[in-house]
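Reproduced below: target_14.txt, with compact mmCIF, N, CA, C and O atoms.
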```txt
# COMPACT_ATOMS: atom_id res chain seq x y z
N MET D 26 0.85 -1.16 0.00
CA MET D 26 0.00 0.00 0.00
C MET D 26 0.90 1.23 0.00
O MET D 26 1.86 1.31 0.74
N ALA D 27 0.60 2.20 -0.80
CA ALA D 27 1.36 3.44 -0.86
C ALA D 27 0.49 4.59 -0.39
O ALA D 27 -0.72 4.60 -0.61
N ALA D 28 1.12 5.54 0.28
CA ALA D 28 0.39 6.71 0.77
C ALA D 28 1.19 7.96 0.45
O ALA D 28 2.41 7.97 0.55
N SER D 29 0.50 8.98 0.05
CA SER D 29 1.17 10.24 -0.25
C SER D 29 1.49 10.99 1.04
O SER D 29 0.69 11.01 1.97
N SER D 30 2.64 11.61 1.05
CA SER D 30 3.02 12.43 2.20
C SER D 30 2.65 13.87 1.89
O SER D 30 2.94 14.38 0.82
N CYS D 31 2.01 14.54 2.82
CA CYS D 31 1.63 15.94 2.62
C CYS D 31 2.84 16.85 2.62
O CYS D 31 2.84 17.89 1.98
N ALA D 32 3.88 16.47 3.34
CA ALA D 32 5.05 17.34 3.50
C ALA D 32 5.90 17.38 2.24
O ALA D 32 6.36 18.45 1.84
N ASN D 33 6.12 16.25 1.60
CA ASN D 33 7.08 16.26 0.50
C ASN D 33 6.56 15.60 -0.77
O ASN D 33 7.31 15.40 -1.70
N ARG D 34 5.32 15.21 -0.78
CA ARG D 34 4.69 14.62 -1.96
C ARG D 34 5.42 13.37 -2.47
O ARG D 34 5.43 13.09 -3.66
N VAL D 35 6.04 12.67 -1.59
CA VAL D 35 6.73 11.43 -1.94
C VAL D 35 5.90 10.27 -1.41
O VAL D 35 5.42 10.31 -0.28
N GLU D 36 5.73 9.26 -2.23
CA GLU D 36 5.00 8.09 -1.76
C GLU D 36 5.89 7.28 -0.82
O GLU D 36 7.07 7.09 -1.08
N THR D 37 5.29 6.84 0.27
CA THR D 37 6.01 6.00 1.21
C THR D 37 5.25 4.68 1.34
O THR D 37 4.04 4.64 1.17
N GLN D 38 5.97 3.65 1.62
CA GLN D 38 5.36 2.34 1.81
C GLN D 38 4.94 2.18 3.27
O GLN D 38 5.73 2.44 4.17
N ILE D 39 3.69 1.77 3.48
CA ILE D 39 3.21 1.49 4.83
C ILE D 39 3.35 -0.01 5.03
O ILE D 39 2.77 -0.79 4.28
N GLN D 40 4.13 -0.37 6.03
CA GLN D 40 4.31 -1.79 6.32
C GLN D 40 3.67 -2.08 7.67
O GLN D 40 3.69 -1.25 8.57
N PHE D 41 3.13 -3.26 7.78
CA PHE D 41 2.51 -3.69 9.03
C PHE D 41 3.43 -4.66 9.74
O PHE D 41 4.30 -5.26 9.12
N PRO D 42 3.23 -4.84 11.05
CA PRO D 42 4.05 -5.82 11.75
C PRO D 42 3.82 -7.21 11.15
O PRO D 42 2.78 -7.46 10.55
N PRO D 43 4.77 -8.11 11.34
CA PRO D 43 4.58 -9.47 10.83
C PRO D 43 3.29 -10.08 11.37
O PRO D 43 2.92 -9.85 12.52
N ALA D 44 2.62 -10.86 10.53
CA ALA D 44 1.35 -11.47 10.93
C ALA D 44 1.49 -12.31 12.19
O ALA D 44 0.58 -12.35 13.02
N ALA D 45 2.63 -12.96 12.37
CA ALA D 45 2.83 -13.80 13.56
C ALA D 45 2.81 -12.96 14.83
O ALA D 45 2.43 -13.45 15.90
N ASP D 46 3.21 -11.68 14.74
CA ASP D 46 3.24 -10.82 15.92
C ASP D 46 1.87 -10.28 16.29
O ASP D 46 1.68 -9.81 17.42
N ILE D 47 0.93 -10.29 15.38
CA ILE D 47 -0.39 -9.76 15.72
C ILE D 47 -1.44 -10.87 15.84
O ILE D 47 -2.61 -10.60 16.10
N LYS D 48 -1.01 -12.12 15.68
CA LYS D 48 -1.92 -13.26 15.84
C LYS D 48 -2.07 -13.58 17.33
O LYS D 48 -1.10 -13.65 18.06
N VAL D 49 -3.30 -13.77 17.75
CA VAL D 49 -3.59 -14.11 19.15
C VAL D 49 -3.42 -15.61 19.35
O VAL D 49 -3.97 -16.40 18.60
N VAL D 50 -2.64 -15.97 20.35
CA VAL D 50 -2.46 -17.37 20.72
C VAL D 50 -3.00 -17.53 22.13
O VAL D 50 -2.59 -16.81 23.05
N GLN D 51 -3.94 -18.44 22.30
CA GLN D 51 -4.59 -18.62 23.60
C GLN D 51 -3.61 -19.14 24.64
O GLN D 51 -2.72 -19.91 24.34
N GLU D 52 -3.83 -18.72 25.88
CA GLU D 52 -3.05 -19.20 27.01
C GLU D 52 -3.25 -20.71 27.16
O GLU D 52 -4.36 -21.21 26.95
N PRO D 53 -2.19 -21.45 27.52
CA PRO D 53 -2.35 -22.90 27.72
C PRO D 53 -3.43 -23.19 28.76
O PRO D 53 -3.46 -22.57 29.83
N LYS D 54 -4.31 -24.12 28.43
CA LYS D 54 -5.39 -24.48 29.35
C LYS D 54 -4.85 -25.33 30.49
O LYS D 54 -3.95 -26.14 30.30
N TYR D 55 -5.41 -25.12 31.66
CA TYR D 55 -5.01 -25.91 32.82
C TYR D 55 -5.54 -27.33 32.65
O TYR D 55 -6.74 -27.55 32.53
N PRO D 56 -4.64 -28.33 32.66
CA PRO D 56 -5.10 -29.71 32.45
C PRO D 56 -5.72 -30.30 33.71
O PRO D 56 -5.25 -30.05 34.82
N LEU D 57 -6.75 -31.08 33.53
CA LEU D 57 -7.41 -31.70 34.68
C LEU D 57 -6.48 -32.61 35.48
O LEU D 57 -6.56 -32.66 36.70
N GLU D 58 -5.57 -33.30 34.79
CA GLU D 58 -4.66 -34.18 35.51
C GLU D 58 -3.72 -33.42 36.44
O GLU D 58 -3.16 -33.99 37.38
N ALA D 59 -3.59 -32.12 36.22
CA ALA D 59 -2.73 -31.32 37.09
C ALA D 59 -3.32 -31.17 38.50
O ALA D 59 -2.61 -30.82 39.43
N LEU D 60 -4.61 -31.46 38.64
CA LEU D 60 -5.24 -31.40 39.96
C LEU D 60 -4.67 -32.46 40.89
O LEU D 60 -4.65 -32.28 42.11
N THR D 61 -4.21 -33.57 40.32
CA THR D 61 -3.71 -34.67 41.15
C THR D 61 -2.26 -35.02 40.86
O THR D 61 -1.65 -35.76 41.62
N ASP D 62 -1.69 -34.51 39.77
CA ASP D 62 -0.32 -34.86 39.38
C ASP D 62 0.57 -33.61 39.40
O ASP D 62 0.45 -32.74 38.54
N PRO D 63 1.46 -33.51 40.40
CA PRO D 63 2.33 -32.33 40.48
C PRO D 63 3.21 -32.13 39.24
O PRO D 63 3.49 -30.99 38.87
N ALA D 64 3.62 -33.22 38.60
CA ALA D 64 4.45 -33.09 37.39
C ALA D 64 3.65 -32.44 36.26
O ALA D 64 4.18 -31.62 35.50
N ALA D 65 2.38 -32.81 36.14
CA ALA D 65 1.53 -32.21 35.10
C ALA D 65 1.31 -30.73 35.37
O ALA D 65 1.30 -29.91 34.44
N GLU D 66 1.16 -30.37 36.65
CA GLU D 66 0.99 -28.95 36.98
C GLU D 66 2.28 -28.18 36.71
O GLU D 66 2.25 -27.06 36.17
N ALA D 67 3.42 -28.77 37.03
CA ALA D 67 4.71 -28.11 36.77
C ALA D 67 4.90 -27.88 35.27
O ALA D 67 5.38 -26.82 34.85
N LYS D 68 4.52 -28.86 34.45
CA LYS D 68 4.63 -28.69 33.00
C LYS D 68 3.72 -27.57 32.52
O LYS D 68 4.10 -26.77 31.67
N TRP D 69 2.51 -27.50 33.08
CA TRP D 69 1.59 -26.43 32.70
C TRP D 69 2.18 -25.06 33.04
O TRP D 69 2.12 -24.13 32.24
N TRP D 70 2.77 -24.94 34.24
CA TRP D 70 3.40 -23.67 34.62
C TRP D 70 4.53 -23.31 33.65
O TRP D 70 4.69 -22.15 33.28
N ASP D 71 5.32 -24.30 33.25
CA ASP D 71 6.38 -24.05 32.26
C ASP D 71 5.79 -23.55 30.95
O ASP D 71 6.31 -22.61 30.34
N ASP D 72 4.70 -24.19 30.51
CA ASP D 72 4.03 -23.78 29.27
C ASP D 72 3.51 -22.34 29.36
O ASP D 72 3.63 -21.56 28.42
N VAL D 73 2.93 -22.00 30.52
CA VAL D 73 2.40 -20.64 30.71
C VAL D 73 3.54 -19.62 30.71
O VAL D 73 3.44 -18.54 30.12
N LEU D 74 4.65 -19.98 31.34
CA LEU D 74 5.81 -19.08 31.37
C LEU D 74 6.32 -18.82 29.96
O LEU D 74 6.57 -17.67 29.58
N LEU D 75 6.48 -19.87 29.18
CA LEU D 75 6.96 -19.71 27.80
C LEU D 75 5.97 -18.94 26.96
O LEU D 75 6.36 -18.10 26.13
N TRP D 76 4.68 -19.20 27.14
CA TRP D 76 3.64 -18.46 26.42
C TRP D 76 3.73 -16.96 26.74
O TRP D 76 3.67 -16.12 25.85
N GLY D 77 3.89 -16.65 28.02
CA GLY D 77 3.98 -15.25 28.44
C GLY D 77 5.21 -14.56 27.88
O GLY D 77 5.16 -13.41 27.45
N ARG D 78 6.34 -15.26 27.90
CA ARG D 78 7.57 -14.67 27.35
C ARG D 78 7.43 -14.41 25.86
O ARG D 78 7.89 -13.38 25.35
N ASP D 79 6.82 -15.34 25.15
CA ASP D 79 6.63 -15.17 23.71
C ASP D 79 5.76 -13.94 23.44
O ASP D 79 6.06 -13.13 22.56
N HIS D 80 4.68 -13.77 24.22
CA HIS D 80 3.81 -12.61 24.01
C HIS D 80 4.49 -11.31 24.41
O HIS D 80 4.27 -10.28 23.79
N LYS D 81 5.32 -11.35 25.44
CA LYS D 81 6.07 -10.15 25.82
C LYS D 81 6.97 -9.71 24.66
O LYS D 81 7.04 -8.52 24.33
N ASN D 82 7.62 -10.66 24.02
CA ASN D 82 8.48 -10.34 22.89
C ASN D 82 7.69 -9.82 21.70
O ASN D 82 8.13 -8.91 21.00
N LYS D 83 6.49 -10.40 21.47
CA LYS D 83 5.64 -9.91 20.38
C LYS D 83 5.23 -8.47 20.63
O LYS D 83 5.28 -7.63 19.72
N VAL D 84 4.82 -8.16 21.85
CA VAL D 84 4.40 -6.80 22.19
C VAL D 84 5.56 -5.84 22.01
O VAL D 84 5.40 -4.74 21.48
N ALA D 85 6.75 -6.25 22.42
CA ALA D 85 7.92 -5.39 22.26
C ALA D 85 8.18 -5.10 20.78
O ALA D 85 8.49 -3.95 20.41
N ARG D 86 8.06 -6.11 19.93
CA ARG D 86 8.28 -5.88 18.50
C ARG D 86 7.21 -4.98 17.90
O ARG D 86 7.51 -4.10 17.08
N VAL D 87 5.95 -5.16 18.28
CA VAL D 87 4.88 -4.30 17.77
C VAL D 87 5.08 -2.87 18.24
O VAL D 87 4.89 -1.92 17.48
N CYS D 88 5.48 -2.69 19.50
CA CYS D 88 5.73 -1.33 20.01
C CYS D 88 6.88 -0.67 19.27
O CYS D 88 6.83 0.51 18.94
N LYS D 89 7.93 -1.43 18.98
CA LYS D 89 9.06 -0.89 18.22
C LYS D 89 8.61 -0.50 16.82
O LYS D 89 8.97 0.54 16.30
N TRP D 90 7.76 -1.36 16.20
CA TRP D 90 7.24 -1.06 14.88
C TRP D 90 6.45 0.25 14.92
O TRP D 90 6.61 1.11 14.05
N ALA D 91 5.60 0.40 15.93
CA ALA D 91 4.76 1.61 16.03
C ALA D 91 5.62 2.85 16.23
O ALA D 91 5.34 3.90 15.67
N LYS D 92 6.66 2.72 17.02
CA LYS D 92 7.55 3.86 17.28
C LYS D 92 8.31 4.25 16.03
O LYS D 92 8.47 5.42 15.72
N ASP D 93 8.80 3.25 15.29
CA ASP D 93 9.55 3.52 14.06
C ASP D 93 8.65 4.14 13.02
O ASP D 93 9.00 4.97 12.26
```
What would you get if you wrote out this structure as structure tokens?
Amino acid sequence: MAASSCANRVETQIQFPPAADIKVVQEPKYPLEALTDPAAEAKWWDDVLLWGRDHKNKVARVCKWAKD
């Protein structure tokens, strides 16, 4: 997509963040077996931690894109 600039009449390209960065990924669901199995609950916590870190990085990239 091209857009005209009012200041210098030069067309600039509008780029959007990568699709992977704006795609919503659901939080890992709490497994029923985690109610009785500590190992299953520990794995779920690990999954939630990794999910959160991934989303933190996505937000950082989108914010950088918006600032640039």
Let me make sure I understand: among D:Lys48, D:Lys92, D:Lys54, D:Arg86, which one has the smallest atom-to-atom distance to Trp70 of chain D if we use all atoms listed in the file?
D:Lys54
So that I can see what lies close to Pro43 of chain D, please list as number ranges by chain the residues with an atom at most 8 Å from it, counting all atoms listed in the file and leaving out residues fewer than 2 positions away in the same chain.
D: 40-41, 45-48, 83, 86-87
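Neighbouring residues of Ala91 of chain D at 8 Å or closer, counting only N, CA, C and O atoms and skipping chain neighbours under 6 positions away, are Gln40, Pro42, Val84 and Ala85 of chain D.
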If I take atom O of Val49 of chain D and atom O of Trp76 of chain D, how far is one from the other in Å, to one decimal?
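Atom O of Val49 of chain D sits 10.5 Å away from atom O of Trp76 of chain D.
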For a test of reading the model, state the distance in Å between atom C of Ala44 of chain D and atom O of Glu66 of chain D, rounded to one decimal.
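Calculated distance between atom C of Ala44 of chain D and atom O of Glu66 of chain D is 28.2 Å.
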Computed gap from atom N of Lys81 of chain D to atom CA of Gln51 of chain D is 12.4 Å
Minimum-distance residue to Val73 of chain D, chosen among D:Glu58, D:Pro53, D:Asp93, D:Cys88 (using all atoms listed in the file):
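Once distances to Val73 of chain D are computed over all atoms listed in the file, the minimum belongs to D:Pro53.
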